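> Dropping in work12.txt, with compact mmCIF, C-alpha atoms.
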# COMPACT_ATOMS: atom_id res chain seq x y z
CA MET A 1 154.48 -78.48 70.73
CA ALA A 2 155.75 -76.35 67.85
CA GLU A 3 152.23 -76.09 66.38
CA GLU A 4 150.80 -74.99 69.75
CA LEU A 5 153.44 -72.28 70.08
CA LEU A 6 152.80 -71.09 66.54
CA GLU A 7 149.07 -70.83 67.27
CA LEU A 8 149.75 -68.79 70.41
CA VAL A 9 152.08 -66.43 68.55
CA ARG A 10 149.54 -65.92 65.76
CA ALA A 11 146.72 -65.36 68.25
CA PHE A 12 148.83 -62.80 70.10
CA ARG A 13 149.62 -60.98 66.87
CA ALA A 14 145.93 -60.92 65.94
CA ALA A 15 145.03 -59.48 69.35
CA VAL A 16 147.66 -56.76 69.02
CA VAL A 17 146.47 -55.85 65.52
CA ALA A 18 142.89 -55.55 66.79
CA PHE A 19 143.89 -53.37 69.75
CA GLU A 20 142.08 -49.99 69.90
CA PRO A 21 143.74 -47.74 72.50
CA GLU A 22 140.86 -45.24 72.56
CA ARG A 23 138.68 -47.86 74.26
CA PHE A 24 140.93 -47.96 77.34
CA SER A 25 141.82 -45.56 80.13
CA GLY A 26 145.18 -43.83 80.33
CA GLU A 27 146.27 -46.01 83.26
CA ASP A 28 145.24 -49.19 81.42
CA CYS A 29 147.26 -48.10 78.40
CA ALA A 30 150.27 -47.27 80.57
CA VAL A 31 150.23 -50.75 82.13
CA LEU A 32 149.79 -52.26 78.67
CA VAL A 33 152.80 -50.33 77.37
CA GLU A 34 154.97 -51.73 80.16
CA GLU A 35 153.79 -55.31 79.58
CA LEU A 36 154.12 -55.03 75.80
CA ALA A 37 157.65 -53.65 76.17
CA THR A 38 158.64 -56.68 78.25
CA ALA A 39 156.89 -59.04 75.85
CA GLU A 40 158.55 -57.36 72.88
CA LYS A 41 162.02 -57.90 74.36
CA ALA A 42 161.19 -61.52 75.14
CA CYS A 43 159.89 -62.00 71.59
CA VAL A 44 163.06 -60.52 70.10
CA ALA A 45 165.17 -62.86 72.24
CA ALA A 46 163.07 -65.86 71.19
CA ARG A 47 163.33 -64.81 67.54
CA ILE A 48 167.13 -64.60 67.71
CA ARG A 49 167.38 -67.95 69.50
CA ALA A 50 165.13 -69.55 66.91
CA ALA A 51 167.14 -67.95 64.10
CA ALA A 52 170.38 -69.31 65.56
CA ARG A 53 168.90 -72.81 65.72
CA ALA A 54 167.51 -72.52 62.17
CA GLY A 55 170.94 -71.45 61.00
CA GLU A 56 172.58 -74.44 62.67
CA CYS A 57 170.17 -76.73 60.85
CA GLY A 58 170.66 -74.99 57.49
CA ALA A 59 167.02 -73.83 57.20
CA HIS A 60 168.16 -70.48 55.77
CA ARG A 61 169.64 -72.25 52.72
CA ASP A 62 166.30 -73.95 52.07
CA ARG A 63 164.86 -70.43 51.76
CA GLY A 64 167.51 -69.29 49.30
CA PHE A 65 169.87 -67.41 51.63
CA ALA A 66 173.59 -68.05 51.89
CA ALA A 67 173.97 -66.92 55.53
CA PRO A 68 171.68 -66.96 58.59
CA ALA A 69 172.26 -63.23 59.15
CA ASP A 70 171.16 -62.42 55.59
CA TRP A 71 167.93 -64.39 56.06
CA LEU A 72 167.28 -62.89 59.53
CA ALA A 73 167.83 -59.36 58.23
CA ARG A 74 165.26 -59.93 55.48
CA VAL A 75 162.50 -61.41 57.67
CA SER A 76 163.03 -58.92 60.53
CA GLY A 77 163.36 -55.86 58.32
CA SER A 78 166.73 -54.95 59.82
CA SER A 79 170.18 -54.44 58.37
CA MET A 80 172.64 -57.25 57.73
CA ALA A 81 174.98 -55.76 60.35
CA ALA A 82 172.23 -55.62 63.00
CA ALA A 83 171.19 -59.21 62.33
CA LYS A 84 174.77 -60.45 62.50
CA SER A 85 175.36 -58.53 65.73
CA ALA A 86 172.22 -60.03 67.28
CA LEU A 87 173.29 -63.58 66.44
CA GLU A 88 176.82 -62.96 67.79
CA THR A 89 175.38 -61.48 71.00
CA ALA A 90 173.12 -64.48 71.49
CA ALA A 91 176.09 -66.83 71.00
CA ALA A 92 178.23 -64.90 73.51
CA LEU A 93 175.44 -65.00 76.10
CA GLU A 94 175.82 -68.79 76.30
CA ASP A 95 178.78 -68.12 78.63
CA LEU A 96 176.78 -65.57 80.68
CA PRO A 97 173.80 -67.55 82.03
CA GLU A 98 172.38 -64.80 84.25
CA ALA A 99 172.39 -62.24 81.44
CA LYS A 100 171.00 -64.83 79.02
CA ALA A 101 168.10 -65.57 81.38
CA ALA A 102 167.38 -61.84 81.76
CA LEU A 103 167.24 -61.45 77.97
CA GLU A 104 164.95 -64.45 77.53
CA THR A 105 162.46 -63.21 80.15
CA GLY A 106 162.32 -59.71 78.68
CA GLU A 107 164.30 -57.94 81.41
CA LEU A 108 166.96 -56.95 78.88
CA SER A 109 166.79 -55.63 75.34
CA MET A 110 169.22 -56.77 72.66
CA ALA A 111 170.91 -53.35 72.82
CA GLN A 112 171.49 -53.78 76.56
CA ALA A 113 172.70 -57.35 76.07
CA ARG A 114 175.23 -56.14 73.48
CA GLU A 115 176.68 -53.67 75.98
CA LEU A 116 177.03 -56.43 78.59
CA VAL A 117 178.70 -58.83 76.16
CA ARG A 118 181.08 -56.21 74.81
CA THR A 119 182.11 -54.99 78.25
CA GLU A 120 182.51 -58.50 79.68
CA ALA A 121 184.86 -59.35 76.81
CA GLU A 122 187.10 -56.36 77.58
CA ARG A 123 186.61 -56.23 81.35
CA PRO A 124 185.78 -59.73 82.70
CA GLY A 125 183.62 -59.74 85.81
CA SER A 126 181.54 -56.71 84.82
CA VAL A 127 178.25 -58.45 84.04
CA GLU A 128 176.86 -58.72 87.56
CA ASP A 129 177.11 -55.01 88.33
CA LEU A 130 176.05 -53.88 84.86
CA LEU A 131 173.07 -56.22 84.92
CA ASP A 132 171.73 -54.30 87.93
CA VAL A 133 172.28 -51.05 86.03
CA ALA A 134 170.45 -52.41 82.97
CA ARG A 135 167.48 -53.49 85.07
CA GLY A 136 167.07 -50.16 86.84
CA GLN A 137 168.51 -47.49 84.56
CA SER A 138 168.21 -46.28 80.98
CA LEU A 139 170.19 -47.63 78.03
CA LYS A 140 172.13 -44.36 77.95
CA THR A 141 173.24 -44.78 81.56
CA LEU A 142 174.20 -48.40 80.90
CA LYS A 143 176.28 -47.36 77.89
CA GLU A 144 178.05 -44.67 79.92
CA GLN A 145 178.95 -47.01 82.77
CA ALA A 146 179.93 -49.81 80.40
CA ARG A 147 182.15 -47.45 78.41
CA ASP A 148 183.76 -46.24 81.64
CA ARG A 149 184.59 -49.79 82.65
CA ARG A 150 186.08 -50.55 79.23
CA LEU A 151 188.20 -47.41 79.29
CA ARG A 152 189.47 -48.18 82.78
CA ALA A 153 190.61 -51.59 81.55
CA ILE A 154 193.19 -49.82 79.35
CA ASP A 155 196.40 -48.43 80.80
CA PRO A 156 195.93 -44.62 81.03
CA GLU A 157 199.14 -43.87 79.12
CA GLU A 158 198.13 -46.28 76.34
CA LEU A 159 194.59 -44.87 76.28
CA HIS A 160 195.91 -41.33 75.93
CA ALA A 161 198.17 -42.38 73.05
CA LEU A 162 195.21 -44.07 71.31
CA GLN A 163 193.13 -40.92 71.73
CA GLN A 164 195.86 -38.73 70.27
CA ARG A 165 196.12 -40.96 67.20
CA ALA A 166 192.33 -41.04 66.79
CA ARG A 167 191.78 -37.25 66.63
CA ARG A 168 190.34 -36.05 63.34
CA PHE A 169 188.10 -33.48 61.70
CA ARG A 170 186.29 -33.61 58.36
CA HIS A 171 183.62 -31.59 56.59
CA TRP A 172 181.37 -32.02 53.55
CA ARG A 173 178.33 -30.61 51.76
CA THR A 174 174.89 -32.08 52.37
CA ALA A 175 172.00 -32.60 49.92
CA LEU A 176 170.62 -29.19 51.01
CA GLY A 177 173.95 -27.54 50.36
CA MET A 178 174.65 -27.21 54.09
CA VAL A 179 178.17 -27.45 55.45
CA ALA A 180 178.36 -30.50 57.72
CA PHE A 181 181.29 -31.60 59.84
CA ALA A 182 182.32 -34.28 62.31
CA GLY A 183 185.39 -34.94 64.36
CA GLU A 184 187.00 -36.51 67.39
CA LEU A 185 189.13 -34.73 69.99
CA PRO A 186 190.93 -36.10 73.06
CA PRO A 187 189.03 -35.28 76.28
CA GLU A 188 191.46 -32.63 77.54
CA VAL A 189 190.68 -30.64 74.37
CA GLY A 190 187.14 -31.73 73.51
CA VAL A 191 185.53 -31.35 76.94
CA PRO A 192 186.38 -27.62 77.32
CA VAL A 193 185.15 -26.92 73.78
CA MET A 194 181.83 -28.68 74.40
CA THR A 195 181.50 -27.01 77.81
CA ARG A 196 181.71 -23.62 76.16
CA VAL A 197 179.24 -24.58 73.41
CA ASP A 198 176.77 -25.88 76.02
CA ALA A 199 177.15 -22.76 78.16
CA GLU A 200 176.54 -20.47 75.20
CA ALA A 201 173.56 -22.59 74.06
CA ASP A 202 172.08 -22.38 77.57
CA ARG A 203 172.53 -18.62 77.58
CA ILE A 204 170.83 -18.22 74.18
CA TRP A 205 167.99 -20.54 75.20
CA LEU A 206 167.36 -18.73 78.49
CA CYS A 207 167.35 -15.33 76.80
CA GLY A 208 164.79 -16.58 74.28
CA ARG A 209 162.72 -18.18 77.02
CA LYS A 210 162.62 -14.96 79.06
CA ASP A 211 161.48 -12.98 76.03
CA ALA A 212 158.81 -15.56 75.25
CA ASN A 213 157.61 -15.65 78.85
CA ARG A 214 157.31 -11.86 79.02
CA ARG A 215 155.17 -11.83 75.90
CA ARG A 216 153.12 -14.77 77.12
CA ARG A 217 152.44 -13.16 80.49
CA ALA A 218 151.31 -9.99 78.76
CA GLU A 219 148.91 -12.01 76.60
CA SER A 220 147.57 -14.52 79.12
CA GLU A 221 148.13 -12.76 82.49
CA GLY A 222 150.24 -15.60 83.80
CA SER A 223 147.78 -18.43 83.21
CA VAL A 224 150.24 -20.80 81.51
CA GLY A 225 151.13 -23.91 83.53
CA PRO A 226 154.55 -25.64 83.65
CA ASP A 227 153.61 -28.40 81.22
CA GLN A 228 152.38 -25.90 78.62
CA LEU A 229 155.43 -23.69 79.22
CA TRP A 230 157.80 -26.60 78.60
CA GLU A 231 155.91 -27.66 75.48
CA ALA A 232 155.90 -24.12 74.16
CA THR A 233 159.54 -23.34 74.81
CA VAL A 234 161.19 -26.66 74.00
CA ASN A 235 159.03 -28.56 71.55
CA GLY A 236 158.93 -25.68 69.11
CA SER A 237 155.31 -24.51 69.43
CA SER A 238 156.60 -21.00 70.15
CA SER A 239 158.03 -19.19 67.13
CA THR A 240 160.62 -17.49 69.35
CA GLN A 241 162.13 -20.78 70.52
CA GLU A 242 164.18 -23.33 68.61
CA ARG A 243 165.28 -26.85 69.13
CA ARG A 244 168.37 -27.43 71.25
CA ALA A 245 170.39 -28.67 68.27
CA THR A 246 169.61 -25.51 66.31
CA ILE A 247 170.51 -23.31 69.26
CA ALA A 248 173.75 -25.25 69.77
CA ALA A 249 174.64 -24.61 66.11
CA ASP A 250 174.17 -20.87 66.68
CA ALA A 251 176.21 -21.11 69.88
CA PHE A 252 179.06 -22.82 68.04
CA VAL A 253 179.13 -20.08 65.40
CA ARG A 254 179.13 -17.34 68.05
CA LEU A 255 182.02 -18.98 69.84
CA VAL A 256 184.05 -19.10 66.65
CA GLU A 257 183.20 -15.50 65.72
CA THR A 258 183.16 -13.71 69.09
CA GLY A 259 184.14 -16.15 71.80
CA GLY A 260 180.64 -16.13 73.28
CA LYS A 261 179.40 -14.40 76.41
CA GLY A 262 179.18 -15.15 80.11
CA LYS A 263 180.30 -18.64 81.13
CA ALA A 264 181.18 -19.45 77.52
CA HIS A 265 184.30 -17.28 77.94
CA THR A 266 185.79 -19.79 80.36
CA ALA A 267 186.77 -23.28 79.26
CA ASP A 268 186.50 -25.15 82.56
CA LEU A 269 188.20 -28.52 82.64
CA VAL A 270 187.52 -30.38 85.89
CA ILE A 271 189.99 -33.12 86.75
CA VAL A 272 189.53 -35.54 89.63
CA CYS A 273 192.87 -36.87 90.83
CA ASP A 274 193.82 -38.61 94.04
CA LEU A 275 196.25 -36.40 95.97
CA GLN A 276 198.75 -39.21 96.62
CA ALA A 277 198.70 -40.20 92.95
CA TYR A 278 199.19 -36.57 91.92
CA ARG A 279 202.24 -36.24 94.16
CA ARG A 280 203.62 -39.65 93.16
CA GLY A 281 203.17 -39.11 89.41
CA HIS A 282 201.13 -42.24 88.74
CA ALA A 283 198.01 -43.85 90.14
CA HIS A 284 197.60 -47.16 91.92
CA GLU A 285 194.48 -49.33 91.87
CA GLY A 286 191.55 -47.45 93.37
CA GLU A 287 193.12 -44.00 92.96
CA PRO A 288 191.02 -41.98 90.50
CA CYS A 289 192.46 -39.73 87.84
CA HIS A 290 189.95 -38.65 85.22
CA ILE A 291 188.36 -35.68 83.50
CA VAL A 292 184.76 -35.13 84.55
CA GLY A 293 182.75 -35.96 81.46
CA GLY A 294 185.84 -37.18 79.62
CA GLY A 295 187.08 -40.41 81.19
CA PRO A 296 190.43 -41.56 82.65
CA ILE A 297 193.72 -39.82 81.90
CA PRO A 298 197.31 -40.48 83.03
CA VAL A 299 198.49 -38.60 86.11
CA SER A 300 201.31 -37.13 84.03
CA LEU A 301 198.71 -35.35 81.88
CA ALA A 302 196.83 -34.14 84.97
CA ARG A 303 200.04 -32.61 86.32
CA GLU A 304 200.82 -31.05 82.95
CA LEU A 305 197.37 -29.49 82.69
CA GLY A 306 197.60 -28.36 86.31
CA GLN A 307 200.61 -26.14 85.62
CA ASP A 308 198.46 -23.47 83.98
CA ALA A 309 195.28 -24.08 85.96
CA PHE A 310 193.60 -22.68 89.05
CA LEU A 311 193.62 -25.69 91.37
CA LYS A 312 190.87 -26.44 93.89
CA ALA A 313 190.64 -29.17 96.50
CA VAL A 314 187.48 -31.01 97.51
CA LEU A 315 187.75 -33.11 100.65
CA HIS A 316 185.76 -36.32 100.81
CA ASP A 317 185.91 -39.73 102.45
CA GLY A 318 184.74 -41.74 99.45
CA VAL A 319 181.13 -41.57 100.60
CA LYS A 320 180.30 -37.89 100.97
CA ILE A 321 181.88 -34.49 100.47
CA ASP A 322 182.56 -32.50 103.65
CA THR A 323 179.66 -30.19 104.36
CA ILE A 324 179.58 -26.87 102.50
CA ALA A 325 176.49 -24.86 103.45
CA HIS A 326 175.12 -21.38 104.07
CA PHE A 327 171.86 -19.47 104.18
CA GLY A 328 170.74 -17.62 101.06
CA ARG A 329 170.30 -18.67 97.45
CA LYS A 330 173.66 -17.86 95.87
CA THR A 331 176.17 -20.72 95.66
CA SER A 332 179.73 -20.11 96.78
CA ALA A 333 182.72 -20.94 94.59
CA ALA A 334 183.60 -23.90 96.81
CA LEU A 335 180.07 -25.28 96.62
CA ARG A 336 179.93 -24.81 92.83
CA THR A 337 183.11 -26.85 92.50
CA ALA A 338 181.74 -29.65 94.68
CA LEU A 339 178.42 -29.71 92.82
CA SER A 340 180.09 -29.91 89.41
CA LEU A 341 181.87 -33.17 90.24
CA GLY A 342 178.91 -35.46 90.73
CA ALA A 343 178.54 -38.01 93.51
CA PRO A 344 181.55 -39.63 95.18
CA PRO A 345 183.46 -41.84 94.82
CA LEU A 346 183.15 -41.86 90.99
CA PHE A 347 182.81 -38.08 90.46
CA ASP A 348 181.66 -38.65 86.88
CA GLY A 349 179.79 -35.36 86.45
CA VAL A 350 176.19 -34.38 87.03
CA LYS A 351 172.93 -35.40 85.40
CA CYS A 352 169.27 -34.84 86.13
CA SER A 353 168.46 -36.21 89.57
CA ALA A 354 164.84 -37.08 88.71
CA PRO A 355 164.31 -40.87 88.84
CA GLY A 356 164.69 -42.44 85.41
CA CYS A 357 166.06 -39.28 83.77
CA ASP A 358 169.65 -39.16 82.55
CA ARG A 359 169.81 -35.78 80.78
CA ARG A 360 173.17 -34.03 81.13
CA LEU A 361 172.47 -30.92 79.05
CA GLY A 362 170.51 -27.82 80.03
CA LEU A 363 170.53 -28.68 83.75
CA GLN A 364 169.46 -26.21 86.42
CA LYS A 365 170.46 -26.09 90.09
CA ASP A 366 167.60 -26.92 92.43
CA HIS A 367 167.18 -26.55 96.18
CA ILE A 368 165.59 -29.84 97.26
CA ASP A 369 164.08 -28.02 100.23
CA PRO A 370 163.40 -24.54 98.77
CA VAL A 371 165.15 -21.52 100.24
CA ALA A 372 161.71 -19.96 100.74
CA ASN A 373 160.94 -22.92 103.00
CA GLY A 374 164.12 -22.53 105.05
CA GLY A 375 166.31 -24.85 102.98
CA LEU A 376 170.07 -24.34 103.07
CA THR A 377 172.29 -23.76 100.07
CA SER A 378 174.33 -26.88 100.82
CA PHE A 379 175.78 -29.87 99.02
CA GLU A 380 173.16 -32.14 100.62
CA ASN A 381 170.27 -29.85 99.67
CA MET A 382 171.31 -29.07 96.10
CA GLY A 383 170.53 -31.12 93.02
CA ASP A 384 170.52 -30.84 89.26
CA LEU A 385 167.27 -31.04 87.31
CA CYS A 386 166.58 -30.81 83.60
CA ILE A 387 164.21 -28.02 82.61
CA PRO A 388 161.00 -30.10 82.38
CA HIS A 389 161.59 -31.82 85.73
CA HIS A 390 162.56 -28.51 87.34
CA LEU A 391 159.30 -26.97 86.15
CA ILE A 392 157.35 -29.93 87.53
CA LYS A 393 159.10 -29.78 90.92
CA THR A 394 158.60 -26.02 91.19
CA GLU A 395 154.88 -26.49 90.58
CA GLN A 396 154.75 -29.27 93.18
CA ASP A 397 156.56 -27.06 95.73
CA ARG A 398 154.16 -24.23 94.98
CA LYS A 399 151.09 -26.42 95.50
CA ALA A 400 152.59 -27.76 98.75
CA GLY A 401 153.08 -24.20 100.05
CA ARG A 402 156.87 -24.51 100.20
CA LEU A 403 157.58 -21.38 98.15
CA GLY A 404 156.15 -18.87 100.59
CA ARG A 405 153.18 -16.67 99.67
CA ARG A 406 152.81 -13.69 97.39
CA ARG A 407 151.59 -10.23 98.36
CA ARG A 408 151.26 -7.39 95.88
CA GLY A 409 153.40 -9.24 93.36
CA LYS A 410 156.22 -9.99 95.80
CA ARG A 411 157.08 -13.29 97.41
CA ILE A 412 157.30 -13.48 101.21
CA ALA A 413 159.64 -16.27 102.22
CA LYS A 414 159.26 -18.28 105.38
CA ALA A 415 161.82 -17.58 108.06
CA PRO A 416 164.51 -20.29 108.46
CA PRO A 417 163.79 -22.61 111.40
Could the structure of this file be written out as structure tokens, please?

Amino acid sequence: MAEELLELVRAFRAAVVAFEPERFSGEDCAVLVEELATAEKACVAARIRAAARAGECGAHRDRGFAAPADWLARVSGSSMAAAKSALETAAALEDLPEAKAALETGELSMAQARELVRTEAERPGSVEDLLDVARGQSLKTLKEQARDRRLRAIDPEELHALQQRARRFRHWRTALGMVAFAGELPPEVGVPVMTRVDAEADRIWLCGRKDANRRRRAESEGSVGPDQLWEATVNGSSSTQERRATIAADAFVRLVETGGKGKAHTADLVIVCDLQAYRRGHAHEGEPCHIVGGGPIPVSLARELGQDAFLKAVLHDGVKIDTIAHFGRKTSAALRTALSLGAPPLFDGVKCSAPGCDRRLGLQKDHIDPVANGGLTSFENMGDLCIPHHLIKTEQDRKAGRLGRRRRGKRIAKAPP
């Protein structure tokens, strides 16, 4: 049996080595990518299981290694820490049969399995829900939801005390002579700072994009499509545009020197707190109190921060926010507040609404049914899209005739129904 399996593995490896993608269509390659990804995850799981068994039998010592993790790291080309973590994850999955089966069949990656194991240890009973997230969402989304569950397992007062003790800032010189820095701030301080940096970075990026588009239109008479525009403005093919990280560095410096412009002047901190908990001074089970984008906080801190804040109320029933809508494109202050919270009942902030996308930076407001097609500016008809997906949707709406028609350079919108 072992010899048959070894022959199959070697034959599979030989077939993969001989693979020539240029001989296949794009659709064939896409299907192959999906199948190979599943097979790769199943192979990794089988390798870890085999390594655990080899370690139990002492086979690593026969090969001159003192520990199974040391041997696994060498043969897999990974670090000692990664190999040790993989073996520990596999051992912990013995008590989580459903997650173990998902890993073995290639539904889960080792990184996803680690998140499930870690969260289950700190918040028992989490695996079932998180397994559904892992199967249908990205690793980033799984990490966010797993982290949220772990944080909510800690008493808010204790969590806030831990965060205060963990704050730090350090800086050093890099090999290029650059000044590098890193730090940790509690959410009530860090979220407003990052909000301002992101707002200033968005402003700089949009200004550069407008300049580049004006020059491009003058050169090509508007013949550039959305895919080429995104590639030119984001991937660095245009000399006038820079990567997001570079722009964010410039934004950070401007904030320190001048305070930034536009939205970067305001350090919005959005807190979701149940009204009864706010009045009572502490929250009961099921009563939210958290910073959007920053995690749970004690009600006492929410009340303290609320003393110097402009408070807004958003009414909801746990399923949907009460309707806020009007004709026209501009969003009202009330609607902007509702849209910034994310979907109820979690209200954990907004991210790109395109399926499979979890970007949270550089988002743009989108009318699902365009205003030019009679769509309302309402909570139900508004979404957030990252720049590439917004460009794609705009092009799709244009081809479908939902953006009105142009005459003498001006757009004529359809009348609302």
> So how far away is atom CA of A:Val292 from atom CA of A:Asp348, in Å?
5.2 Å
> When distances are computed from all atoms listed in the file, which of A:Gly106, A:Gly183, A:Gly401, A:Pro156 shows the smallest separation from A:Ala37?
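For A:Ala37, the nearest of the candidates is A:Gly106.
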> Just the residues within 9 Å of A:Asp70, please, counting only C-alpha atoms, with nothing from its chain fewer than 6 positions along; format it as a list in words.
His60, Ser79, Met80, Ala83 and Lys84 of chain A
> Just C-alpha atoms for this one: save the residues we selected as a PDB file, in the frame of the given file.

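The result, stored in again_31.pdb:
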ATOM      1  CA  HIS A  60     168.160 -70.480  55.770  1.00  0.00           C
ATOM      2  CA  SER A  79     170.180 -54.440  58.370  1.00  0.00           C
ATOM      3  CA  MET A  80     172.640 -57.250  57.730  1.00  0.00           C
ATOM      4  CA  ALA A  83     171.190 -59.210  62.330  1.00  0.00           C
ATOM      5  CA  LYS A  84     174.770 -60.450  62.500  1.00  0.00           C
TER       6      LYS A  84
END
> Kindly give the distance, in Å, that separates atom CA of A:Pro370 and atom CA of A:Asp397, rounded to a single decimal.
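So the two atoms, atom CA of A:Pro370 and atom CA of A:Asp397, lie 7.9 Å apart.
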